[in-house]
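Chemist: Input: one structure, supplied below.
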Amino acid sequence: SARERTELSTSAGGPKLSDRGHRGAGGGRAASVGKQPELRSTSVHAAGAFWPWSVGAGAPAVGPVIGSHLVTHAPVSFGLLNWFRRGFITAPVAFVLGLNGYGKSSFVRKVILGAMAQGVTALFLADKKPDYRKIVEEVAGEDAVVDVGYAFGHINPLAGGVLGSIIPRLAAFPDLQLRWLEELRGRQTETVSALIELRRGQALEDWEESIVGSAIAILFDEKGFTPDEPPLLEDMLGLIIEGHPQLLEDAGVDTIEDYREAVRPLRRSLRAFVNPKSRFGRIFNGQTTHPLSLDHPAIGFDVSHIPNGDKKLRAAVMLVCWSDGFALIDAANALTDAGLAPQRFFEAVMDEIWDVLGLGPFMVDRIDALTRLNRQIATGLWMITHSMADLETAADGATTSRAVGFLERARVKIIGPIPEKEIDRLDGVVTFTDTEADMVTKWSSPPPMTGEQPREDQPAPPPPGTGNVLIKTGDDPRAPGIPVHVIFTRSEIESGVHNTNARYTDTAAREEDAA
């Protein structure tokens with residue numbers, strides 16, 4: 001015992017021995033005992049390794065490893081489609097919320113990288129900053145990034161995207177071809193109607209939407225347009241001005257004079273998308289410059305070229321990008337149904353969805369119709385924002401309630417660092433325990449302002465909560481979430497796919513080279 005050793009050392013005339021070492025000068029006594037290093041391994045890789053906890057900590061090992069549990073330090077695995085297939089969630093839909101600069105988009109990239117490694121195709125629909133351009137270029141090449149904005153070509157809402165291009169390949173399956181042709185016509189009608197509503201700031205009349213749908217059908221069925229040579233919005237406007245018996249019937253009038261009077265507001269709205277001098281016309285009234293392809297493992301729409309202040313134009317571009325992205329998913333499923341291609345799986349990222357939802361109550365239904373995401377189309381959906389306050393300031397109470405209902409279908413909620421007020425705003429969408437609410441709000445604390453400057457070769461230290469997220473599933477308020485600290489591999493760090501401050505680092509590098 002320690003007492004016996006002490007007595008022996010004392011009787012021998014040497015320095016006194018304690019449980020912390022020999023006392024006295026040169027004895028090596030430790031004032032405090034440091035924490036012993038803890039190693040984690042399986043019983044296969046390390047002799048005698050044994051995990052003593054027989055009850056799990058709520059971190060299932062299903063999906064790619066994304067980081068470590070903040071409480072148990074056990075590895076945490078997560079994959080949207082992985083968890084859905086395993087039955088942990090009832091729908092592959094995730095809602096991500098967190099303050100800027102704390103790793104929200106990095107978490108999504110981390111999970112999406114793991115999904116792409118399993119053969120899932122990633123669609124980054126309407127990348128605003130851009131946060132995902134680098135990862136698409138690294139995985140799929142520069143051709144997989146579609147630039148949209150001023151002087152960056154056109155995107156035609158009537159083109160039909162990849163779905164329109166594969167319709168002729170279904171000729172040997174008439175029923176299937178008709179089904180997907182109707183799906184394409186419905187998607188084109190929804191997209192054009194949504195653009196007009198966004199420009200007007202109010203919903204279309206039911207008969208106006210019927211005219212839009214009939215005009216699209218007439219252009220393809222009677223005017224000679226094909227998926228390879230689709231019509232433009234100016235062709236639709238010309239047909240509506242000219243008139244057609246079906247269009248008169250849709251308008252509910254008997255004479256061409258009454259018809260022209262009835263469609264005057266619709267003509268005015270479409271004119272904004274046709275005028276070559278308008279910002280809408282320069283983007284939407286032309287054949288798609290960079291059509292999508294099913295050959296890429298990842299596709300990104302870079303809309304960062306559109307100024308932040310032009311909210312309506314950016315929202316319009318986001319709508320068309322979403323429509324094109326989900327048309328590509330429909331095309332892959334159509335080929336699978338026909339036995340012409342194997343089943344493919346997708347994960348679609350819709351960043352800053354509030355930009356569109358906040359423009360009016362009519363946009364909630366339009367987005368729901370354009371995405372129509374469900375379990376049958378083998379697709380996971382990510383909806384991302386940094387605050388519920390964006391919607392509250394941009395729309396009325398009724399719109400907020402409907403948009404919250406739209407987000408409630410997300411079966412996984414990933415919450416990053418947020419301020420205390422955000423806890424109240426999320427009431428009804430996410431249920432926090434007191435411990436969880438305290439944890440996620442503390443993550444948003446800024447770093448200490450010591451005034452110390454890092455060395456030139458060192459980056460500025462990140463805020464304390466950077467890389468931390470809370471994964472919540474289901475609606476049971478008693479079910480705890482999974483707090484995770486996201487960890488990047490060396491290859492991820494060296495590739496720079498998570499560096500969203502490239503402009504700052506590039507500037508510093510240029511200044512260093514100049515010096």
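The chains in the structure tokens are called A, B, ... from first to last as shown; in each chain the residues are counted from 1, and the ligands are counted from 1 in the order shown.
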Determine, counting only C-alpha atoms, which protein, DNA and RNA residues have an atom within 10 Å of an atom of region 411-427 of chain A; residues of the same chain fewer than 6 positions away are not included. Present the result as an MDAnalysis selection string.

Modeler: chainID A and resid 80 83:84 88:104 107:108 382:384 386:389 392 404 437:445 464:475 481:484

Chemist: Using backbone DSSP assignments, extract all alpha helix (DSSP H) residues from region 115-345 of chain A; output them as a ChimeraX atom specification.

Modeler: /A:115-117,133-140,161-166,174-200,206-221,233-242,245-251,256-262,264-271,279-284,311-337

Chemist: Might you pull out every residue within 12 Å of His290 (chain A), with only C-alpha atoms counted and same-chain residues fewer than 3 positions away left off, and present them as a PyMOL selection string?

Modeler: chain A and resi 142-148+152-156+159+161-162+286-287+293+299-302+321+324

Chemist: Determine which residues of region 112-324 of chain A DSSP labels as strand (DSSP E) from the backbone of this structure, then write them out as JSON, numbers by chain.

Modeler: {"A": [121, 122, 123, 124, 125, 126, 127, 145, 146, 147, 298, 299, 300, 301, 302]}

Chemist: Name the residues in contact with Arg264 (chain A) at a cut-off of 12 Å, using only C-alpha atoms, excluding same-chain residues fewer than 6 positions from it; report them as a PyMOL selection string.

Modeler: chain A and resi 208+237+240-241+243+251+257-258+270-271

Chemist: For Val364 (chain A), which residue among A:Leu198, A:Ala331, A:Leu292, A:Ala59 is the nearest when counting only C-alpha atoms?

Modeler: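 Looking only at the distances to Val364 (chain A), the closest residue turns out to be A:Leu198.
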